>>> print(open('start.tsv').read())   # TSV, C-alpha atoms
chain	number	residue	atom	x	y	z
A	229	MET	CA	0.00	0.00	0.00
A	230	LEU	CA	2.73	2.44	-0.82
A	231	THR	CA	1.04	4.06	-3.75
A	232	THR	CA	0.25	7.71	-3.63
A	233	GLU	CA	-2.22	9.22	-6.02
A	234	TYR	CA	-1.19	12.52	-7.47
A	235	SER	CA	-3.53	13.66	-10.19
A	236	ILE	CA	-2.34	17.22	-9.95
A	237	SER	CA	-0.28	19.79	-11.77
A	238	ASP	CA	3.46	20.12	-11.19
A	239	GLU	CA	2.85	23.50	-9.64
A	240	ILE	CA	0.67	22.15	-6.84
A	241	PHE	CA	2.99	19.21	-6.33
A	242	GLU	CA	5.92	21.61	-5.88
A	243	ILE	CA	3.97	23.66	-3.34
A	244	ILE	CA	3.16	20.54	-1.35
A	245	ARG	CA	6.75	19.42	-1.59
A	246	SER	CA	7.92	22.74	-0.14
A	247	VAL	CA	6.34	21.80	3.20
A	248	HIS	CA	8.70	20.08	5.63
A	249	ASP	CA	8.29	18.02	8.76
A	250	PRO	CA	8.63	20.50	11.65
A	251	GLU	CA	10.64	18.03	13.75
A	252	ILE	CA	12.91	16.81	10.94
A	253	PRO	CA	13.19	19.89	8.73
A	254	VAL	CA	15.27	18.12	6.06
A	255	LEU	CA	12.33	15.85	5.21
A	256	THR	CA	9.56	17.08	2.96
A	257	VAL	CA	6.10	15.78	3.76
A	258	VAL	CA	6.22	13.89	0.47
A	259	ASP	CA	9.50	12.16	1.37
A	260	LEU	CA	8.13	11.37	4.82
A	261	GLY	CA	5.29	9.57	3.04
A	262	VAL	CA	2.43	11.15	4.97
A	263	VAL	CA	0.74	12.70	1.92
A	264	LYS	CA	-1.42	9.88	0.59
A	265	LYS	CA	-3.75	11.48	-1.92
A	266	VAL	CA	-4.16	14.85	-3.55
A	267	ARG	CA	-7.11	15.94	-5.65
A	268	VAL	CA	-8.05	19.27	-7.10
A	269	LYS	CA	-11.64	20.27	-7.59
A	270	ASP	CA	-12.84	23.75	-8.52
A	271	HIS	CA	-9.54	25.33	-7.61
A	272	LYS	CA	-9.60	23.73	-4.20
A	273	VAL	CA	-6.97	21.20	-3.18
A	274	PHE	CA	-8.00	18.18	-1.13
A	275	ILE	CA	-5.15	16.41	0.61
A	276	ASP	CA	-5.31	13.13	2.56
A	277	ILE	CA	-2.54	12.77	5.09
A	278	THR	CA	-1.83	9.83	7.37
A	279	PRO	CA	-0.25	10.38	10.81
A	280	THR	CA	3.13	8.83	11.58
A	281	TYR	CA	2.17	8.19	15.23
A	282	SER	CA	-1.38	8.65	16.58
A	283	GLY	CA	-0.36	11.31	19.05
A	284	CYS	CA	2.24	13.05	16.89
A	285	PRO	CA	1.77	16.80	17.44
A	286	ALA	CA	3.57	17.46	14.14
A	287	MET	CA	0.49	16.40	12.20
A	288	ASP	CA	-1.44	19.52	13.21
A	289	VAL	CA	1.53	21.68	12.23
A	290	ILE	CA	1.89	19.88	8.90
A	291	SER	CA	-1.81	20.43	8.15
A	292	ASP	CA	-1.54	24.13	8.96
A	293	ASP	CA	1.67	24.48	6.94
A	294	LEU	CA	0.10	22.80	3.90
A	295	ILE	CA	-2.91	25.10	4.04
A	296	ALA	CA	-0.68	28.17	4.46
A	297	ALA	CA	1.68	27.18	1.62
A	298	LEU	CA	-1.20	26.62	-0.80
A	299	LYS	CA	-2.97	29.77	0.30
A	300	ALA	CA	0.17	31.81	-0.40
A	301	LYS	CA	-0.09	30.65	-4.03
A	302	GLY	CA	-3.79	31.33	-4.27
A	303	TYR	CA	-5.21	27.89	-3.57
A	304	GLN	CA	-7.73	26.90	-0.98
A	305	ALA	CA	-6.98	23.62	0.70
A	306	GLU	CA	-8.73	21.04	2.81
A	307	ILE	CA	-6.78	18.47	4.80
A	308	ASN	CA	-8.27	15.13	5.67
A	309	LEU	CA	-6.57	12.92	8.23
A	310	ILE	CA	-6.85	9.25	7.28
A	311	LEU	CA	-5.80	6.29	9.43
A	312	SER	CA	-5.92	3.51	6.90
A	313	PRO	CA	-3.60	2.42	5.38
A	314	ALA	CA	-1.64	3.07	8.56
A	315	TRP	CA	1.66	4.84	7.98
A	316	SER	CA	4.77	2.69	8.00
A	317	THR	CA	8.44	3.57	7.77
A	318	ASP	CA	8.41	1.90	4.33
A	319	MET	CA	6.56	4.96	3.12
A	320	ILE	CA	9.64	7.13	3.63
A	321	THR	CA	11.22	7.60	0.21
A	322	GLU	CA	14.84	6.74	-0.60
A	323	THR	CA	15.58	10.48	-0.90
A	324	GLY	CA	14.00	10.91	2.51
A	325	ARG	CA	16.13	8.20	4.09
A	326	LYS	CA	19.31	9.76	2.69
A	327	ALA	CA	18.35	13.27	3.83
A	328	MET	CA	17.64	11.89	7.29
A	329	GLU	CA	21.05	10.19	7.51
A	330	VAL	CA	22.88	13.35	6.46
A	331	TYR	CA	20.91	15.28	9.08
A	332	GLY	CA	22.10	12.87	11.79
A	333	ILE	CA	19.18	10.48	12.18
A	334	ALA	CA	19.84	6.82	11.38
A	335	ALA	CA	17.20	5.43	9.01
A	336	PRO	CA	14.92	2.59	10.16
A	337	LEU	CA	16.14	-1.01	9.91
A	338	GLU	CA	13.99	-3.97	8.91
A	339	PRO	CA	11.64	-5.16	11.72
A	340	SER	CA	13.66	-8.23	12.77
A	341	ASN	CA	16.87	-6.20	13.09
A	342	ASP	CA	15.02	-3.31	14.68
A	343	ILE	CA	13.96	-5.57	17.55
A	344	LEU	CA	17.49	-6.89	17.99
A	345	ALA	CA	18.95	-3.38	18.05
A	346	LEU	CA	16.37	-2.08	20.51
A	347	THR	CA	16.16	-4.98	22.94
A	348	GLU	CA	19.17	-7.26	22.51
A	349	ASP	CA	21.81	-4.57	22.22
A	350	ALA	CA	22.78	-5.90	18.76
A	351	LYS	CA	25.26	-3.66	16.98
A	352	MET	CA	23.33	-2.89	13.83
A	353	VAL	CA	22.47	0.77	13.73
A	354	PRO	CA	25.26	2.62	11.90
A	355	CYS	CA	26.58	5.84	13.42
A	356	THR	CA	25.46	8.80	11.34
A	357	ARG	CA	28.83	10.49	11.79
A	358	CYS	CA	31.44	7.73	11.23
A	359	GLN	CA	29.22	4.88	9.90
A	360	SER	CA	30.61	2.45	12.49
A	361	LYS	CA	28.13	-0.18	13.57
A	362	ASN	CA	29.80	-0.37	16.95
A	363	THR	CA	26.95	1.57	18.56
A	364	LYS	CA	24.85	1.21	21.69
A	365	LEU	CA	21.28	1.95	22.68
A	366	ILE	CA	20.89	4.81	25.15
A	367	SER	CA	17.10	4.93	25.28
A	368	GLN	CA	14.29	3.11	23.46
A	369	PHE	CA	12.40	6.38	23.33
A	370	GLY	CA	13.83	9.66	22.11
A	371	SER	CA	13.02	13.32	21.62
A	372	THR	CA	9.93	12.41	19.59
A	373	ALA	CA	7.70	9.33	19.55
A	374	CYS	CA	9.29	8.02	16.34
A	375	LYS	CA	12.91	7.97	17.52
A	376	ALA	CA	15.26	6.11	19.86
A	377	LEU	CA	18.61	7.36	21.18
A	378	PHE	CA	21.90	5.71	20.29
A	379	GLN	CA	25.56	6.46	20.83
A	380	CYS	CA	28.61	5.44	18.81
A	381	ASN	CA	31.24	3.51	20.79
A	382	ASP	CA	34.00	4.56	18.37
A	383	CYS	CA	33.53	8.30	17.81
A	384	HIS	CA	31.16	8.75	20.81
A	385	GLU	CA	28.65	10.69	18.75
A	386	PRO	CA	25.14	10.54	20.27
A	387	PHE	CA	22.47	10.28	17.57
A	388	ASP	CA	18.82	9.54	16.91
A	389	TYR	CA	17.55	6.37	15.29
A	390	PHE	CA	14.23	6.46	13.47
A	391	LYS	CA	12.39	3.39	14.76
A	392	CYS	CA	10.90	0.90	12.35
A	393	LEU	CA	7.12	1.05	12.28
A	394	LYS	CA	5.41	-1.59	10.18
B	188	MET	CA	-27.00	1.31	17.38
B	189	GLU	CA	-24.93	4.48	17.13
B	190	ASN	CA	-25.45	5.07	20.84
B	191	LYS	CA	-24.06	1.67	21.57
B	192	ILE	CA	-21.01	2.15	19.37
B	193	TYR	CA	-20.51	5.48	21.15
B	194	ASP	CA	-20.51	3.71	24.52
B	195	TYR	CA	-18.20	1.03	23.19
B	196	LEU	CA	-15.75	3.68	21.96
B	197	LEU	CA	-15.66	5.09	25.49
B	198	THR	CA	-14.91	1.63	26.84
B	199	LEU	CA	-12.01	1.40	24.40
B	200	GLY	CA	-10.74	4.95	24.90
B	201	ASP	CA	-11.11	5.56	28.63
B	202	ASN	CA	-8.39	3.12	29.71
B	203	SER	CA	-5.89	4.88	27.45
B	204	LEU	CA	-7.08	8.32	28.57
B	205	ILE	CA	-6.71	7.67	32.29
B	206	LEU	CA	-3.46	5.73	31.96
B	207	GLY	CA	-2.15	8.45	29.64
B	208	HIS	CA	-2.94	10.98	32.35
B	209	ARG	CA	-1.24	8.92	35.07
B	210	LEU	CA	1.89	8.67	32.91
B	211	SER	CA	1.82	12.37	32.10
B	212	GLU	CA	2.06	13.07	35.84
B	213	LEU	CA	5.56	11.63	35.61
B	214	CYS	CA	6.73	14.18	33.05
B	215	GLY	CA	9.87	15.69	34.58
B	216	HIS	CA	9.66	13.29	37.54
B	217	GLY	CA	10.83	10.01	36.00
B	218	PRO	CA	13.57	8.14	37.87
B	219	SER	CA	16.03	8.80	35.04
B	220	LEU	CA	16.00	10.94	31.93
B	221	GLU	CA	15.53	7.93	29.65
B	222	THR	CA	12.61	6.46	31.56
B	223	ASP	CA	11.06	9.90	31.92
B	224	ILE	CA	11.14	10.35	28.13
B	225	ALA	CA	9.90	6.82	27.55
B	226	LEU	CA	6.92	7.12	29.89
B	227	THR	CA	5.83	10.49	28.51
B	228	ASN	CA	6.24	9.14	24.96
B	229	ILE	CA	3.95	6.26	25.86
B	230	SER	CA	1.53	8.75	27.37
B	231	LEU	CA	1.54	10.70	24.10
B	232	ASP	CA	0.86	7.58	22.04
B	233	LEU	CA	-2.06	6.67	24.31
B	234	TYR	CA	-3.50	10.18	24.03
B	235	GLY	CA	-3.19	9.88	20.26
B	236	GLN	CA	-5.22	6.67	20.31
B	237	VAL	CA	-7.79	8.29	22.58
B	238	ARG	CA	-8.13	11.23	20.19
B	239	ASN	CA	-8.90	8.80	17.36
B	240	PHE	CA	-11.54	6.98	19.39
B	241	PHE	CA	-13.11	10.15	20.76
B	242	GLN	CA	-13.16	12.00	17.44
B	243	TYR	CA	-15.22	9.11	16.13
B	244	ALA	CA	-17.38	9.09	19.28
B	245	SER	CA	-18.08	12.81	19.03
B	246	GLU	CA	-19.17	12.41	15.39
B	247	LEU	CA	-21.61	9.70	16.44
B	248	SER	CA	-23.07	11.70	19.28
B	249	GLY	CA	-23.56	14.71	17.00
B	250	GLU	CA	-24.83	17.92	18.55
B	251	ASP	CA	-21.97	20.08	19.78
B	252	ALA	CA	-19.78	17.22	20.92
B	253	SER	CA	-16.06	17.31	20.24
B	254	GLU	CA	-13.17	15.05	21.20
B	255	ASP	CA	-12.51	17.48	24.06
B	256	SER	CA	-16.04	17.41	25.41
B	257	VAL	CA	-16.02	13.62	25.34
B	258	ALA	CA	-12.72	13.56	27.22
B	259	PHE	CA	-13.30	16.39	29.70
B	260	LEU	CA	-16.97	16.92	30.30
B	261	ARG	CA	-18.28	13.65	31.62
B	262	THR	CA	-18.97	12.89	35.27
B	263	GLU	CA	-17.15	10.19	37.18
B	264	ARG	CA	-19.89	7.59	36.73
B	265	GLU	CA	-19.70	8.03	32.96
B	266	TYR	CA	-16.05	6.94	32.69
B	267	LYS	CA	-15.61	3.32	31.72
B	268	ASN	CA	-11.95	2.72	32.51
B	269	SER	CA	-10.76	-0.14	34.67
B	270	TRP	CA	-9.53	0.29	38.23
B	271	LEU	CA	-6.02	-0.74	37.22
B	272	VAL	CA	-5.24	2.36	35.18
B	273	GLU	CA	-6.41	4.80	37.86
B	274	GLN	CA	-4.06	3.39	40.50
B	275	PRO	CA	-1.49	5.98	41.59
B	276	ASN	CA	2.14	6.01	40.50
B	277	GLU	CA	3.43	5.15	44.03
B	278	ASP	CA	6.91	4.13	42.84
B	279	PHE	CA	8.64	3.03	39.64
B	280	ALA	CA	7.77	-0.62	40.29
B	281	HIS	CA	4.05	0.27	40.38
B	282	VAL	CA	4.36	2.32	37.19
B	283	ILE	CA	6.08	-0.49	35.30
B	284	CYS	CA	3.87	-3.26	36.66
B	285	ARG	CA	0.68	-1.32	35.88
B	286	GLN	CA	1.99	-0.65	32.37
B	287	PHE	CA	2.91	-4.26	31.80
B	288	LEU	CA	-0.47	-5.58	32.99
B	289	PHE	CA	-2.20	-3.04	30.74
B	290	ASP	CA	0.00	-3.55	27.64
B	291	SER	CA	-0.48	-7.31	27.85
B	292	PHE	CA	-4.22	-6.71	27.51
B	293	HIS	CA	-4.11	-3.80	25.10
B	294	MET	CA	-2.05	-5.59	22.44
B	295	PRO	CA	-4.32	-8.64	21.94
B	296	LEU	CA	-7.37	-6.37	22.20
B	297	MET	CA	-6.12	-4.16	19.38
B	298	LYS	CA	-5.11	-7.22	17.36
B	299	GLN	CA	-8.67	-8.51	17.53
B	300	LEU	CA	-10.18	-5.16	16.73
B	301	CYS	CA	-8.16	-5.00	13.50
B	302	SER	CA	-10.83	-7.31	12.08
B	303	SER	CA	-13.77	-5.36	13.51
B	304	SER	CA	-16.67	-5.01	11.09
B	305	ASP	CA	-16.60	-1.30	11.90
B	306	GLU	CA	-13.94	-0.02	9.48
B	307	ARG	CA	-13.09	3.02	11.54
B	308	ILE	CA	-12.45	0.99	14.70
B	309	ALA	CA	-10.38	-1.46	12.64
B	310	ALA	CA	-8.26	1.40	11.24
B	311	ILE	CA	-7.65	2.89	14.71
B	312	ALA	CA	-6.66	-0.53	16.02
B	313	GLU	CA	-4.31	-1.15	13.12
B	314	LYS	CA	-2.63	2.18	13.84
B	315	SER	CA	-2.47	1.66	17.63
B	316	ILE	CA	-0.97	-1.78	17.47
B	317	LYS	CA	2.25	-0.61	15.88
B	318	GLU	CA	2.88	1.81	18.73
B	319	SER	CA	1.72	-0.47	21.49
B	320	LEU	CA	4.27	-3.05	20.44
B	321	TYR	CA	6.99	-0.66	21.62
B	322	HIS	CA	5.16	-0.05	24.90
B	323	GLU	CA	4.85	-3.75	25.57
B	324	ARG	CA	8.50	-4.30	24.82
B	325	PHE	CA	9.49	-1.47	27.16
B	326	SER	CA	7.36	-2.61	30.11
B	327	SER	CA	8.25	-6.31	29.69
B	328	GLU	CA	11.98	-5.55	29.62
B	329	TRP	CA	11.69	-3.51	32.79
B	330	MET	CA	9.65	-6.23	34.51
B	331	LYS	CA	12.50	-8.66	33.87
B	332	ARG	CA	15.14	-6.16	34.90
B	333	LEU	CA	13.46	-5.21	38.18
B	334	GLY	CA	12.30	-8.73	38.99
B	335	GLY	CA	15.68	-10.27	38.28
B	336	GLY	CA	17.63	-7.30	39.66
B	337	THR	CA	18.45	-6.86	43.33
B	338	GLU	CA	16.58	-8.22	46.31
B	339	VAL	CA	15.09	-4.77	46.89
B	340	SER	CA	13.93	-4.24	43.30
B	341	ASN	CA	12.38	-7.71	43.27
B	342	GLN	CA	10.59	-7.05	46.57
B	343	LYS	CA	9.24	-3.70	45.38
B	344	LEU	CA	7.99	-5.18	42.14
B	345	GLN	CA	6.43	-8.14	43.96
B	346	SER	CA	4.60	-5.80	46.29
B	347	ALA	CA	3.34	-3.72	43.32
B	348	LEU	CA	2.21	-6.91	41.61
B	349	ASN	CA	0.38	-8.12	44.70
B	350	HIS	CA	-1.64	-4.92	44.72
B	351	LEU	CA	-2.25	-4.47	40.99
B	352	TYR	CA	-3.05	-8.11	40.32
B	353	LEU	CA	-6.41	-7.56	42.03
B	354	PHE	CA	-7.58	-5.42	39.16
B	355	ILE	CA	-6.75	-7.40	36.04
B	356	ASN	CA	-9.75	-9.70	35.88
B	357	GLU	CA	-11.87	-6.68	35.22
B	358	PHE	CA	-10.53	-6.45	31.67
B	359	PHE	CA	-12.38	-9.66	30.87
B	360	GLN	CA	-15.66	-8.87	32.58
B	361	GLU	CA	-18.16	-9.09	29.74
B	362	THR	CA	-20.86	-6.44	30.08
B	363	PRO	CA	-24.09	-6.71	28.06
B	364	LEU	CA	-22.57	-4.09	25.76
B	365	ASP	CA	-19.37	-6.13	25.25
B	366	LYS	CA	-21.49	-9.16	24.46
B	367	GLU	CA	-23.60	-7.36	21.92
B	368	MET	CA	-20.56	-5.81	20.25
B	369	LYS	CA	-18.86	-9.18	20.05
B	370	GLU	CA	-21.92	-10.80	18.52
B	371	ASN	CA	-22.35	-8.21	15.80
B	372	GLY	CA	-18.69	-8.39	14.85
B	373	ILE	CA	-17.75	-4.89	15.96
B	374	GLY	CA	-16.22	-5.72	19.31
B	375	ALA	CA	-13.64	-8.12	20.69
B	376	ASP	CA	-14.07	-11.56	22.19
B	377	LEU	CA	-12.78	-10.99	25.73
B	378	GLU	CA	-12.85	-14.65	26.65
B	379	ALA	CA	-10.38	-15.45	23.86
B	380	ILE	CA	-8.11	-12.59	24.93
B	381	LYS	CA	-8.20	-13.78	28.53
B	382	GLU	CA	-6.57	-17.05	27.64
B	383	VAL	CA	-3.70	-15.39	25.75
B	384	TYR	CA	-3.37	-12.80	28.50
B	385	PHE	CA	-2.81	-15.15	31.39
B	386	GLN	CA	-0.54	-17.34	29.34
B	387	ASN	CA	1.72	-14.43	28.42
B	388	VAL	CA	1.58	-12.66	31.76
B	389	ASN	CA	2.27	-15.77	33.81
B	390	THR	CA	5.18	-16.78	31.57
B	391	LEU	CA	6.79	-13.38	31.97
B	392	LEU	CA	6.18	-13.22	35.73
B	393	LYS	CA	8.00	-16.49	36.05
B	394	GLU	CA	10.86	-15.23	33.93
B	395	ALA	CA	10.98	-12.10	36.08
B	396	GLU	CA	11.34	-14.30	39.17
B	397	LEU	CA	8.03	-13.15	40.63
B	398	THR	CA	5.37	-15.12	42.46
B	399	ILE	CA	1.89	-15.09	41.00
B	400	PRO	CA	-0.31	-13.68	43.77
B	401	GLU	CA	-2.89	-16.01	45.20
B	402	THR	CA	-6.12	-14.24	45.86
B	403	ASN	CA	-9.70	-14.89	45.02
B	404	TRP	CA	-10.88	-11.34	45.45
B	405	ARG	CA	-11.28	-9.50	42.19
B	406	GLN	CA	-12.32	-5.91	41.69
B	407	THR	CA	-14.72	-5.28	38.81
B	408	ASP	CA	-17.32	-2.80	37.51
B	409	GLY	CA	-15.11	0.10	36.40
B	410	LYS	CA	-16.66	-0.44	32.98
B	411	GLN	CA	-20.08	0.16	34.52
B	412	GLY	CA	-18.92	3.45	35.98
B	413	PHE	CA	-17.99	2.36	39.50
B	414	HIS	CA	-14.52	3.58	40.43
B	415	SER	CA	-11.99	3.88	43.20
B	416	GLU	CA	-11.60	7.23	44.94
B	417	HIS	CA	-8.52	7.88	42.79
B	418	LEU	CA	-10.56	8.67	39.70
B	419	GLY	CA	-12.19	11.67	41.39
B	420	PHE	CA	-8.80	13.26	42.01
B	421	ILE	CA	-7.68	12.52	38.46
B	422	LEU	CA	-10.78	14.12	37.00
B	423	ALA	CA	-10.44	17.15	39.27
B	424	GLU	CA	-7.09	17.84	37.67
B	425	LEU	CA	-7.95	16.68	34.17
B	426	GLN	CA	-11.16	18.68	33.94
B	427	TYR	CA	-10.26	21.82	35.87
B	428	MET	CA	-9.55	24.05	32.87
B	429	GLN	CA	-12.61	23.02	30.88
B	430	ARG	CA	-14.87	23.32	33.91
B	431	THR	CA	-13.49	26.68	34.97
B	432	TYR	CA	-13.16	28.20	31.51
B	433	PRO	CA	-15.70	26.33	29.36
B	434	ASN	CA	-14.67	25.91	25.71
B	435	SER	CA	-11.25	27.42	26.31
B	436	GLU	CA	-8.70	26.64	23.61
B	437	TRP	CA	-4.97	27.16	23.35
>>> encode(input="start.tsv", output="structure tokens")
Amino acid sequence: MLTTEYSISDEIFEIIRSVHDPEIPVLTVVDLGVVKKVRVKDHKVFIDITPTYSGCPAMDVISDDLIAALKAKGYQAEINLILSPAWSTDMITETGRKAMEVYGIAAPLEPSNDILALTEDAKMVPCTRCQSKNTKLISQFGSTACKALFQCNDCHEPFDYFKCLK
Amino acid sequence: MENKIYDYLLTLGDNSLILGHRLSELCGHGPSLETDIALTNISLDLYGQVRNFFQYASELSGEDASEDSVAFLRTEREYKNSWLVEQPNEDFAHVICRQFLFDSFHMPLMKQLCSSSDERIAAIAEKSIKESLYHERFSSEWMKRLGGGTEVSNQKLQSALNHLYLFINEFFQETPLDKEMKENGIGADLEAIKEVYFQNVNTLLKEAELTIPETNWRQTDGKQGFHSEHLGFILAELQYMQRTYPNSEW
């Protein structure tokens, strides 16, 4: 269920793509995979977004930012929050994963490795600074609901890990 | 029928609301920075799930209802949460044990609700389950760590378990509403969950070197609106702003 329907002009797509996640400003909402469907009817843009985590306060900000960005270009917008299909970290695009890594957040691992890294202290999450996998878990929960805290044993860099959600 | 789904949504949401509030009390007071962040993160996830349930409930009840009015403007007898989640934080052992006993119920409940004939409930459950998996992992790990830790940590956890164990049977008390919801395919089959629950819980308690409390007394009826005195104090704090400044927003 990773398809996203965009039956819209390039202009509107670019406006939507100019909106970033407030917590991870290097990620556009499109790369984050929360924009699920966009339709235009009578000069009004209807956007379906799916929340990353149920209680994520960023979703309200993202909705407001989308409306403001479209309004600035003369479009009215309506945001609809949908829960199904539920968001998963697979919906983050490859561009998104790379941007995240450069920003200092390790991208999500596959579920089986994610469990090992978060509960068995398996050395699997690569350090975002020196790429060493000799890293350790500091906390299963981080600064936002979607992240855990890790530290590199080689260069000692503390960094966030974006938890796998599938 | 809509009235009944409304009531059922409260049954599903109130446990998360009250437990979310209890956990939020720990914000800035956790025993360590990491556990403080973890517990408030869990609180946030639970509030998120509650918002989904109550947004749906407010749409069903129509009139001027909103997710906020459903959460804040009911009286004590109208809350359907279990006694377990309203128990005070006491110490870290109580917090972890309460969380573990709740997560062990919440996960299979949400799993079942994924196949609810009500699409909206199924979607909320599908969303919740992914987050609750992390909660369950967190509380189970801590159960093992405290139980298998020092003599003192084991004793404290055992004493928390002895107290909180009195409240878990209530999860499986089938009210007429639960029965009806199960029969029409909207709700969960509590009897089936009960079996999984005790299997999982007892296995972990053993692994955590704890003794399963022996008691025949079981508290029930939170679902019917009968609560311990703790809920009154929780609501006093939770509802103060909305009662004092009706419809205030920020």
>>> atom_distance(input="start.tsv", atom1="CA of Ala300 (chain A)", atom2="CA of Arg245 (chain A)")
14.1 Å
>>> residues_around(input="start.tsv", residues="Leu393 (chain A)", least_positions_apart="5", cutoff="9 Å", atoms="only C-alpha atoms", output="list of chain:residue names")
A:Thr280, A:Trp315, A:Ser316, A:Thr317, A:Asp318, A:Pro336, A:Pro339, A:Cys374, B:Lys317, B:Glu318
>>> closest_residue(input="start.tsv", among="A:Thr347, A:Asn341, A:Gln379, A:Thr372", to="Cys392 (chain A)", atoms="all atoms listed in the file")
A:Asn341
>>> closest_residue(input="start.tsv", among="B:Cys301, B:Ile399, B:Cys214, B:Leu391", to="Phe287 (chain B)", atoms="all atoms listed in the file")
B:Leu391
>>> closest_atom_pairs(input="start.tsv", of="chain B", to="chain A", cutoff="12 Å", atoms="only C-alpha atoms", output="tab-separated table")
residue	atom	partner	partner_atom	distance
B:Ser203	CA	A:Gly283	CA	11.9
B:Gly207	CA	A:Gly283	CA	11.1
B:Ser219	CA	A:Ser367	CA	10.6
B:Leu220	CA	A:Ser367	CA	9.0
B:Glu221	CA	A:Ser367	CA	5.5
B:Thr222	CA	A:Ser367	CA	7.9
B:Asp223	CA	A:Phe369	CA	9.4
B:Ile224	CA	A:Phe369	CA	6.4
B:Ala225	CA	A:Phe369	CA	4.9
B:Leu226	CA	A:Phe369	CA	8.6
B:Thr227	CA	A:Ala373	CA	9.2
B:Asn228	CA	A:Ala373	CA	5.6
B:Ile229	CA	A:Ala373	CA	8.0
B:Ser230	CA	A:Gly283	CA	8.9
B:Leu231	CA	A:Gly283	CA	5.4
B:Asp232	CA	A:Gly283	CA	4.9
B:Leu233	CA	A:Gly283	CA	7.2
B:Tyr234	CA	A:Gly283	CA	6.0
B:Gly235	CA	A:Gly283	CA	3.4
B:Gln236	CA	A:Ser282	CA	5.7
B:Val237	CA	A:Gly283	CA	8.8
B:Arg238	CA	A:Gly283	CA	7.9
B:Asn239	CA	A:Ser282	CA	7.6
B:Phe240	CA	A:Ser282	CA	10.7
B:Gln242	CA	A:Leu309	CA	11.4
B:Tyr243	CA	A:Leu311	CA	11.9
B:Cys301	CA	A:Ser312	CA	11.0
B:Glu306	CA	A:Ser312	CA	9.1
B:Arg307	CA	A:Leu311	CA	8.3
B:Ile308	CA	A:Leu311	CA	10.0
B:Ala309	CA	A:Ser312	CA	8.8
B:Ala310	CA	A:Ser312	CA	5.4
B:Ile311	CA	A:Leu311	CA	6.5
B:Ala312	CA	A:Leu311	CA	9.5
B:Glu313	CA	A:Ala314	CA	6.8
B:Lys314	CA	A:Ala314	CA	5.4
B:Ser315	CA	A:Ser282	CA	7.2
B:Ile316	CA	A:Lys394	CA	9.7
B:Lys317	CA	A:Leu393	CA	6.3
B:Glu318	CA	A:Tyr281	CA	7.3
B:Ser319	CA	A:Tyr281	CA	10.7
B:Leu320	CA	A:Leu393	CA	9.6
B:Tyr321	CA	A:Gln368	CA	8.4
B:His322	CA	A:Gln368	CA	9.8
B:Glu323	CA	A:Thr347	CA	11.7
B:Arg324	CA	A:Thr347	CA	7.9
B:Phe325	CA	A:Gln368	CA	7.6
B:Ser326	CA	A:Gln368	CA	11.2
B:Ser327	CA	A:Thr347	CA	10.5
B:Glu328	CA	A:Thr347	CA	7.9
B:Trp329	CA	A:Thr347	CA	10.9
>>> residues_around(input="start.tsv", residues="Ile355 (chain B)", least_positions_apart="2", cutoff="8 Å", atoms="all atoms listed in the file", output="JSON, numbers by chain")
{"B": [271, 288, 351, 352, 353, 357, 358, 359, 405]}
>>> write_last_selection(input="start.tsv", atoms="C-alpha atoms", output="tab-separated table (two decimals), keeping the file's coordinate frame")
chain	number	residue	atom	x	y	z
B	271	LEU	CA	-6.02	-0.74	37.22
B	288	LEU	CA	-0.47	-5.58	32.99
B	351	LEU	CA	-2.25	-4.47	40.99
B	352	TYR	CA	-3.05	-8.11	40.32
B	353	LEU	CA	-6.41	-7.56	42.03
B	357	GLU	CA	-11.87	-6.68	35.22
B	358	PHE	CA	-10.53	-6.45	31.67
B	359	PHE	CA	-12.38	-9.66	30.87
B	405	ARG	CA	-11.28	-9.50	42.19
>>> atom_distance(input="start.tsv", atom1="CA of Leu365 (chain A)", atom2="CA of His216 (chain B)")
22.0 Å
>>> atom_distance(input="start.tsv", atom1="CA of Ile275 (chain A)", atom2="CA of Ser245 (chain B)")
22.8 Å
>>> residues_around(input="start.tsv", residues="Phe241 (chain B)", least_positions_apart="3", cutoff="10 Å", atoms="all atoms listed in the file", output="CSV table (one decimal) with C-alpha atoms, in the coordinates of the input")
chain,number,residue,atom,x,y,z
B,193,TYR,CA,-20.5,5.5,21.2
B,196,LEU,CA,-15.8,3.7,22.0
B,197,LEU,CA,-15.7,5.1,25.5
B,199,LEU,CA,-12.0,1.4,24.4
B,200,GLY,CA,-10.7,5.0,24.9
B,201,ASP,CA,-11.1,5.6,28.6
B,235,GLY,CA,-3.2,9.9,20.3
B,236,GLN,CA,-5.2,6.7,20.3
B,237,VAL,CA,-7.8,8.3,22.6
B,238,ARG,CA,-8.1,11.2,20.2
B,244,ALA,CA,-17.4,9.1,19.3
B,245,SER,CA,-18.1,12.8,19.0
B,246,GLU,CA,-19.2,12.4,15.4
B,247,LEU,CA,-21.6,9.7,16.4
B,252,ALA,CA,-19.8,17.2,20.9
B,253,SER,CA,-16.1,17.3,20.2
B,254,GLU,CA,-13.2,15.0,21.2
B,255,ASP,CA,-12.5,17.5,24.1
B,256,SER,CA,-16.0,17.4,25.4
B,257,VAL,CA,-16.0,13.6,25.3
B,258,ALA,CA,-12.7,13.6,27.2
>>> closest_residue(input="start.tsv", among="B:Gln429, B:Gln286, B:Asn349, B:Asn387", to="Glu401 (chain B)", atoms="all atoms listed in the file")
B:Asn349
>>> closest_residue(input="start.tsv", among="B:Gly336, B:Pro275, B:Gly249, B:Gly372", to="Gln299 (chain B)", atoms="all atoms listed in the file")
B:Gly372
>>> residues_near_point(input="start.tsv", point="(11.7, -14.3, 43.3)", cutoff="12 Å", atoms="only C-alpha atoms", output="number ranges by chain")
B: 331, 333-346, 392-399
